[in-house]
Each structure stands twice: as structure tokens, then as C-alpha cells.
Amino acid sequence: MPSPHEKIMRRGGSWMWCVKTVKWFPVLFIVSVIVWSYYAYVIQLCFFTIKSNVQKVIYLALYHMFLVFFLWSYSQTIFTQIGRVPVQFRLPSSELDRLMQAESDEAKIQVVKRFAQNLPISNRTASGAVRFCEVCQHVKPDRAHHCSVCGDCVLKMDHHCPWVNNCVSFSNYKFFALFLGYALAYCLFIALTTLQFFIKFWKNELDGMNHFHILLLFFVSIMFALSLVSLFGYHLYLVAHNRTTLESFRPPVFQIGPDKNGFSLGKFNNFQEVFGDNKKLWLLPIYSSLGDGVVFPVRAQHQSNLYNSMGSTHNSLGDGVTFPQRCIDEDTDTLLGGCQRWEDPETGGCQRWADSDGSGPAFGDHADSDSSPPEIVIMN
């Protein structure tokens with residue numbers, strides 16, 4: 001089923017494609033700066049300026065290492081598709097008709113509330129109602145928000161970033177964090193290795209015109225590093241506290257009220273939720289985040305109405321944190337898999353969310369009841 005944004009694109013024709021093309025301009029600007037920096041560093045600095053062959057080899061090896069990880073994480077952030085809301089959250093035509101025919105706002109709220117009573121949601125609007133997107137016509141899962149630029153609801157939306165022409169969300173947040181880190185490392189490495197030439201220029205020991213690209217490269221790398229260090233530090237803070245940019249400005253609302261720490265499981269567990277439990281993949285732009293972007297572990301006080309459709313699927317270690325058990329299907333739940341399984345004690349199997357386009361197993365499809373699912377470990 002096409003998303004509302006795709007329907008608009010089909011109706012808008014050439015005009016919408018022009019808008020879509022313009023959105024790539026910031027990305028093209030970044031790519032142009034990277035291409036120029038490659039010329040300035042590799043050609044102007046390493047080939048034409050540095051005389052020592054040993055120094056050339058060391059500089060080139062380290063430079064290309066930082067560049068590869070920088071471009072790898074950047075491309076993953078750009079081209080990873082946003083996580084869309086599963087079809088089980090979309091109102092069927094019968095419920096949608098009731099919603100349209102409702103004579104008051106309170107009646108509309110009740111229609112959505114009845115439909116959502118079996119969905120695993122804990123977030124509410126500021127007034128306490130079930131969160132519903134009138135554009136996409138579905139109930140919003142926890143931490144999902146509608147992006148006006150993408151024209152769709154996005155799972156665990158952080159923000160829409162024009163520099164990657166994509167939403168930073170559940171599916172690519174790890175890549176975005178690594179992109180910021182490697183971009184900062186790339187800029188700092190360039191700044192440190194070109195600093196000596198700026199000092200020589202400052203002392204009138206270097207001809208500025210013949211080394212224009214090297215000197216400009218130093219200033220550009222410093223400029224980008226200053227902006228990146230604050231942005232990277234801010235997102236490290238968000239990871240440590242299990243918040244998104246949107247949640248840092250407007251705390252998520254639960255049944256008992258707003259709670260900025262409602263999804264926080266402790267700093268190490270918050271880190272693992274984004275970067276995964278495989279230490280070998282933490283620094284690689286390879287998908288390893290825990291969960292499915294639809295259901296998130298929450299603190300005990302917010303657990304009362306969660307997982308209604310799946311029975312009591314939470315456990316506690318007595319530290320105020322509850323969490324669902326996660327089942328792993330080696331055939332389908334790979335690092336790049338599109339969904340996760342959650343144990344259902346009533347059936348002995350696992351629940352599963354279908355993809356937003358209707359492909360993949362539907363909710364309620366069960367795994368082998370003889371499997372022994374591992375748990376998401378919550379540590380202090």
C-alpha cells in the first residue's frame with residue numbers, strides 16, 4: 001500500500017519531482033566539500049608539499065581510513081529507509097467510517113481508543129488520548145511521529161536532517177551517530193596535520209598563494225569540527241538517556257503524565273538499545289540496534305496498558321525497569337532484518353509485526369514453541 005507521501009508524489013507530477021530534487025542540494029554540497037578536501041589533502045598536501053615519503057604514507061593511510069568510515073556511515077544514514085508504521089496500526093475502512101461519521105471530538109477519541117485497546121502502546125497526547133495521525137490514518141506507535149517533509153509517520157523519529165535528506169529515526173540512528181563521530185574525527189585529523197602549515201604561514205615562512213588549498217582546508221576543517229563537536233556531544237547525551245531530539249524538547253506523555261526518563265533503562269542499556277549487544281559491531285555502520293522500533297522497554301510505572309494483545313510479556317529485575325523478552329529466528333531476524341519477535345506466554349510462541357507495505361508475516365504469526373528465547377538483559 002503506497003504511503004500518503006507517495007500518493008501526493010503521483011498526483012503532483014513534475015512539480016513534486018522538482019521539490020524532491022532540490023532536497024538533495026544540501027547533500028550535494030557536503031559531497032562537493034568532501035571531494036574538494038580530498039584534492040586539497042591528497043594532491044596538494046601529500047603529493048606536492050610533504051617531502052618525506054614516510055610521512056606521506058602515514059598521512060595517506062590514516063586519512064583514507066577516516067574517510068572510508070566517514071563516507072560509509074554517511075551513505076548508510078542517507079540511503080537507509082525510514083521505519084514505517086506496521087499495517088496493524090492502520091484503521092480498517094469500517095473503523096475509519098465510524099471516525100468520519102463521529103459528531104464530536106470525544107466520539108472520535110472513543111473510536112480510536114476502542115481500536116487501539118489491543119495495540120502495545122503506552123504514549124498518549126497531552127490530553128491523555130490515544131495518539132492518532134489524521135494524515136496517515138493510523139494509531140501512532142510509541143515514539144513515532146509524522147514527518148511533514150517525508151510525508152509519513154516515522155518510527156522513533158529523532159528529527160528530519162536536510163544534510164542527509166532523510167529522517168533520523170529508529171532504522172538509521174546508529175548510522176547517524178557514527179556519521180557525526182567519524183565526520184568529527186575526519187575534520188580533527190585534517191586540522192591537526194595541516195596546523196603546522198598554518199603556523200608557518202603565520203610566521204611568514206610559507207607562501208600563502210602557493211598553499212592556498214592547504215590553508216583553506218585548515219580553516220574549513222576547524223569550522224566543521226566546531227559545529228560537529230557540539231552536535232556529536234549532544235547526541236551522545238541523548239543516547240545515554242534514551243531520548244530523541246523531539247523528546248528532549250517535549251517529554252513523552254504516558255498514562256500517568258509526562259516523563260522524560262520513561263524509556264531510560266540505565267546508561268549502558270540505553271547505549272545497547274541503539275548500538276546493539278555485539279561489541280564487534282558498535283563502531284561499524286552495520287545495523288545492530290535492539291528492538292523493532294514499534295515496542296520499547298519502559299519503566300514499571302508506565303507498563304500498565306502495554307502489551308495487552310500479547311499478554312503479560314514483561315519481566316522485572318527489581319530495579320524499576322521492565323522489558324519484553326526477545327525471540328531470535330536465525331532464518332529471518334538477521335542484522336538487516338526488518339522486524340523482531342516478542343515472546344507470547346499464552347501461546348508459547350512469538351508475536352511478529354508485518355512490514356508497512358503488508359509484506360512479511362502478519363502479526364500473530366508464531367515461532368516454534370520449542371525455541372528458547374534469550375532475554376534483553378537490563379543492568380544497572
# chains A, B, ... in the order shown; residues from 1 in each chain; ligands from 1
>>> residues_around(residues="Lys267 of chain A", least_positions_apart="2", cutoff="7 Å", atoms="only C-alpha atoms", output="CSV table (one decimal) with C-alpha atoms, in the first residue's frame")
chain,number,residue,atom,x,y,z
A,240,ALA,CA,22.9,7.8,27.2
A,241,HIS,CA,19.5,9.0,28.4
A,265,LEU,CA,17.0,1.8,31.2
A,269,ASN,CA,21.4,-0.4,28.4
A,270,ASN,CA,20.4,2.8,26.6
A,271,PHE,CA,23.6,2.6,24.6
>>> closest_residue(among="A:Leu155, A:Ile34, A:Ala116, A:Val135", to="Thr244 of chain A", atoms="only C-alpha atoms")
A:Leu155
>>> residues_around(residues="Phe224 of chain A", least_positions_apart="4", cutoff="12 Å", atoms="only C-alpha atoms", output="MDAnalysis selection string")
chainID A and resid 30 33:34 180 183:188 190:191 217:220 228:232
>>> select_by_dssp(residues="segment 38-261 of chain A", states="strand (DSSP E)", output="VMD selection string")
chain A and resid 132 to 133 138 to 139 145 to 147 152 to 154 159 to 161 166 to 168 253 to 254 257 to 258
>>> residues_around(residues="Arg98 of chain A", least_positions_apart="6", cutoff="12 Å", atoms="only C-alpha atoms", output="MDAnalysis selection string")
chainID A and resid 91:92 104 107:112 114:115
>>> residues_around(residues="Val139 of chain A", least_positions_apart="3", cutoff="9 Å", atoms="only C-alpha atoms", output="number ranges by chain")
A: 85, 89-91, 112, 115-116, 119, 130-134, 136
>>> write_last_selection(atoms="N, CA and C atoms", output="JSON list (two decimals), in the first residue's frame")
[["chain", "number", "residue", "atom", "x", "y", "z"],
["A", 85, "VAL", "N", 5.24, 2.71, 10.01],
["A", 85, "VAL", "CA", 4.31, 2.11, 10.96],
["A", 85, "VAL", "C", 3.71, 0.84, 10.36],
["A", 89, "PHE", "N", -1.52, -1.04, 12.74],
["A", 89, "PHE", "CA", -1.90, 0.19, 13.42],
["A", 89, "PHE", "C", -2.83, 1.06, 12.56],
["A", 90, "ARG", "N", -3.02, 0.68, 11.32],
["A", 90, "ARG", "CA", -3.88, 1.46, 10.42],
["A", 90, "ARG", "C", -5.35, 1.12, 10.66],
["A", 91, "LEU", "N", -6.18, 2.13, 10.72],
["A", 91, "LEU", "CA", -7.61, 1.89, 10.92],
["A", 91, "LEU", "C", -8.22, 1.21, 9.71],
["A", 112, "VAL", "N", -11.07, 5.76, 18.20],
["A", 112, "VAL", "CA", -9.65, 5.42, 18.15],
["A", 112, "VAL", "C", -9.24, 4.61, 19.37],
["A", 115, "PHE", "N", -10.25, 0.97, 19.03],
["A", 115, "PHE", "CA", -9.39, 0.26, 18.07],
["A", 115, "PHE", "C", -8.01, -0.02, 18.67],
["A", 116, "ALA", "N", -7.50, 0.91, 19.48],
["A", 116, "ALA", "CA", -6.13, 0.80, 19.99],
["A", 116, "ALA", "C", -6.01, -0.01, 21.27],
["A", 119, "LEU", "N", -3.48, -2.75, 21.05],
["A", 119, "LEU", "CA", -2.17, -2.42, 20.49],
["A", 119, "LEU", "C", -1.20, -2.11, 21.62],
["A", 130, "VAL", "N", -5.39, 8.62, 22.87],
["A", 130, "VAL", "CA", -4.51, 7.79, 22.04],
["A", 130, "VAL", "C", -4.00, 8.63, 20.88],
["A", 131, "ARG", "N", -2.72, 8.54, 20.60],
["A", 131, "ARG", "CA", -2.13, 9.34, 19.52],
["A", 131, "ARG", "C", -2.54, 8.77, 18.16],
["A", 132, "PHE", "N", -3.13, 9.62, 17.33],
["A", 132, "PHE", "CA", -3.64, 9.19, 16.03],
["A", 132, "PHE", "C", -3.20, 10.19, 14.97],
["A", 133, "CYS", "N", -2.72, 9.69, 13.83],
["A", 133, "CYS", "CA", -2.30, 10.55, 12.73],
["A", 133, "CYS", "C", -3.44, 10.64, 11.72],
["A", 134, "GLU", "N", -3.98, 11.83, 11.56],
["A", 134, "GLU", "CA", -5.09, 12.01, 10.63],
["A", 134, "GLU", "C", -4.64, 11.96, 9.18],
["A", 136, "CYS", "N", -1.98, 9.94, 7.96],
["A", 136, "CYS", "CA", -1.70, 8.54, 7.62],
["A", 136, "CYS", "C", -2.83, 7.60, 8.03]]
>>> atom_distance(atom1="atom CA of Tyr234 of chain A", atom2="atom CA of Phe176 of chain A")
12.5 Å
>>> atom_distance(atom1="atom CA of Asn53 of chain A", atom2="atom CA of Trp72 of chain A")
28.2 Å
>>> residues_around(residues="Arg250 of chain A", least_positions_apart="3", cutoff="12 Å", atoms="only C-alpha atoms", output="PyMOL selection string")
chain A and resi 125-126+143+158+243-247+253+258-261
>>> closest_residue(among="A:Gln88, A:Lys200, A:Thr77, A:Val298", to="Cys167 of chain A", atoms="only C-alpha atoms")
A:Thr77
>>> residues_around(residues="Phe198 of chain A", least_positions_apart="2", cutoff="12 Å", atoms="only C-alpha atoms", output="list in words")
Ala191, Leu192, Thr193, Thr194, Leu195, Gln196, Lys200, Phe201, Trp202, Lys203, Asn204, Glu205, Leu206, Asp207, Gly208, His211, Phe212, His213, Ile214, Leu215, Leu216, Leu217, Phe218, Phe219 and Ile222 of chain A
>>> select_by_dssp(residues="segment 61-293 of chain A", states="alpha helix (DSSP H)", output="ChimeraX atom specification")
/A:61-79,93-101,105-116,173-202,212-241,245-249,267-275
>>> closest_residue(among="A:Ile82, A:Met209, A:Ile121, A:Val168", to="Asp152 of chain A", atoms="only C-alpha atoms")
A:Ile82
>>> decode(residues="segment 218-301 of chain A", atoms="C-alpha atoms", output="PDB file, in the first residue's frame")
ATOM      1  CA  PHE A 218      42.694  24.026   7.727  1.00  0.00           C
ATOM      2  CA  PHE A 219      40.070  26.734   8.296  1.00  0.00           C
ATOM      3  CA  VAL A 220      37.233  24.676   6.802  1.00  0.00           C
ATOM      4  CA  SER A 221      38.110  21.623   8.924  1.00  0.00           C
ATOM      5  CA  ILE A 222      38.205  23.768  12.076  1.00  0.00           C
ATOM      6  CA  MET A 223      34.856  25.340  11.205  1.00  0.00           C
ATOM      7  CA  PHE A 224      33.150  21.979  10.658  1.00  0.00           C
ATOM      8  CA  ALA A 225      34.834  20.456  13.730  1.00  0.00           C
ATOM      9  CA  LEU A 226      33.470  23.200  15.989  1.00  0.00           C
ATOM     10  CA  SER A 227      29.907  22.569  14.816  1.00  0.00           C
ATOM     11  CA  LEU A 228      30.277  18.790  14.906  1.00  0.00           C
ATOM     12  CA  VAL A 229      31.736  18.550  18.399  1.00  0.00           C
ATOM     13  CA  SER A 230      28.636  20.147  19.952  1.00  0.00           C
ATOM     14  CA  LEU A 231      26.225  18.142  17.800  1.00  0.00           C
ATOM     15  CA  PHE A 232      28.030  14.856  18.408  1.00  0.00           C
ATOM     16  CA  GLY A 233      28.229  15.523  22.141  1.00  0.00           C
ATOM     17  CA  TYR A 234      24.515  16.345  22.252  1.00  0.00           C
ATOM     18  CA  HIS A 235      23.551  13.087  20.560  1.00  0.00           C
ATOM     19  CA  LEU A 236      25.835  11.093  22.853  1.00  0.00           C
ATOM     20  CA  TYR A 237      23.868  12.666  25.699  1.00  0.00           C
ATOM     21  CA  LEU A 238      20.592  11.634  24.045  1.00  0.00           C
ATOM     22  CA  VAL A 239      21.821   8.057  23.571  1.00  0.00           C
ATOM     23  CA  ALA A 240      22.906   7.840  27.219  1.00  0.00           C
ATOM     24  CA  HIS A 241      19.451   8.999  28.373  1.00  0.00           C
ATOM     25  CA  ASN A 242      17.437   7.110  25.720  1.00  0.00           C
ATOM     26  CA  ARG A 243      15.785  10.202  24.294  1.00  0.00           C
ATOM     27  CA  THR A 244      15.242  11.589  20.849  1.00  0.00           C
ATOM     28  CA  THR A 245      15.656  15.222  19.880  1.00  0.00           C
ATOM     29  CA  LEU A 246      11.879  15.605  19.839  1.00  0.00           C
ATOM     30  CA  GLU A 247      11.567  14.000  23.290  1.00  0.00           C
ATOM     31  CA  SER A 248      14.239  16.292  24.725  1.00  0.00           C
ATOM     32  CA  PHE A 249      12.085  19.308  23.864  1.00  0.00           C
ATOM     33  CA  ARG A 250       8.724  17.682  24.586  1.00  0.00           C
ATOM     34  CA  PRO A 251       8.826  14.724  27.001  1.00  0.00           C
ATOM     35  CA  PRO A 252       6.704  11.695  26.016  1.00  0.00           C
ATOM     36  CA  VAL A 253       3.354  11.528  27.758  1.00  0.00           C
ATOM     37  CA  PHE A 254       2.295   8.316  29.492  1.00  0.00           C
ATOM     38  CA  GLN A 255      -0.969   7.480  31.233  1.00  0.00           C
ATOM     39  CA  ILE A 256       0.347   8.956  34.471  1.00  0.00           C
ATOM     40  CA  GLY A 257       1.712  12.066  32.744  1.00  0.00           C
ATOM     41  CA  PRO A 258       4.878  13.313  31.002  1.00  0.00           C
ATOM     42  CA  ASP A 259       8.144  11.572  31.845  1.00  0.00           C
ATOM     43  CA  LYS A 260      11.391  12.486  30.088  1.00  0.00           C
ATOM     44  CA  ASN A 261      13.021   9.328  31.510  1.00  0.00           C
ATOM     45  CA  GLY A 262      10.170   6.959  30.677  1.00  0.00           C
ATOM     46  CA  PHE A 263      12.263   4.949  28.206  1.00  0.00           C
ATOM     47  CA  SER A 264      15.570   5.178  30.079  1.00  0.00           C
ATOM     48  CA  LEU A 265      16.980   1.801  31.152  1.00  0.00           C
ATOM     49  CA  GLY A 266      20.316   2.953  32.539  1.00  0.00           C
ATOM     50  CA  LYS A 267      23.157   4.415  30.508  1.00  0.00           C
ATOM     51  CA  PHE A 268      24.746   1.147  29.362  1.00  0.00           C
ATOM     52  CA  ASN A 269      21.419  -0.404  28.381  1.00  0.00           C
ATOM     53  CA  ASN A 270      20.403   2.785  26.616  1.00  0.00           C
ATOM     54  CA  PHE A 271      23.624   2.597  24.634  1.00  0.00           C
ATOM     55  CA  GLN A 272      22.962  -1.057  23.764  1.00  0.00           C
ATOM     56  CA  GLU A 273      19.455  -0.263  22.546  1.00  0.00           C
ATOM     57  CA  VAL A 274      20.990   1.911  19.812  1.00  0.00           C
ATOM     58  CA  PHE A 275      24.302   0.157  19.130  1.00  0.00           C
ATOM     59  CA  GLY A 276      23.311  -3.438  19.951  1.00  0.00           C
ATOM     60  CA  ASP A 277      24.764  -6.113  22.185  1.00  0.00           C
ATOM     61  CA  ASN A 278      27.525  -7.197  19.782  1.00  0.00           C
ATOM     62  CA  LYS A 279      30.621  -5.188  20.714  1.00  0.00           C
ATOM     63  CA  LYS A 280      32.304  -6.031  17.405  1.00  0.00           C
ATOM     64  CA  LEU A 281      29.645  -4.014  15.527  1.00  0.00           C
ATOM     65  CA  TRP A 282      29.499  -0.952  17.756  1.00  0.00           C
ATOM     66  CA  LEU A 283      31.872   1.143  15.626  1.00  0.00           C
ATOM     67  CA  LEU A 284      30.782  -0.264  12.262  1.00  0.00           C
ATOM     68  CA  PRO A 285      27.929   1.261  10.198  1.00  0.00           C
ATOM     69  CA  ILE A 286      26.121  -2.087  10.211  1.00  0.00           C
ATOM     70  CA  TYR A 287      22.616  -2.369  11.639  1.00  0.00           C
ATOM     71  CA  SER A 288      22.714  -3.862  15.136  1.00  0.00           C
ATOM     72  CA  SER A 289      20.121  -1.890  17.149  1.00  0.00           C
ATOM     73  CA  LEU A 290      17.867  -3.833  19.506  1.00  0.00           C
ATOM     74  CA  GLY A 291      14.106  -4.000  19.055  1.00  0.00           C
ATOM     75  CA  ASP A 292      11.757  -3.379  16.165  1.00  0.00           C
ATOM     76  CA  GLY A 293      11.016   0.334  16.505  1.00  0.00           C
ATOM     77  CA  VAL A 294       7.399  -0.397  17.480  1.00  0.00           C
ATOM     78  CA  VAL A 295       7.632  -1.700  21.052  1.00  0.00           C
ATOM     79  CA  PHE A 296      10.127  -0.235  23.522  1.00  0.00           C
ATOM     80  CA  PRO A 297      11.000  -1.272  27.078  1.00  0.00           C
ATOM     81  CA  VAL A 298       9.610   1.241  29.567  1.00  0.00           C
ATOM     82  CA  ARG A 299       9.848   1.772  33.283  1.00  0.00           C
ATOM     83  CA  ALA A 300       7.491  -0.198  35.530  1.00  0.00           C
ATOM     84  CA  GLN A 301       5.147   2.692  36.319  1.00  0.00           C
TER      85      GLN A 301
END
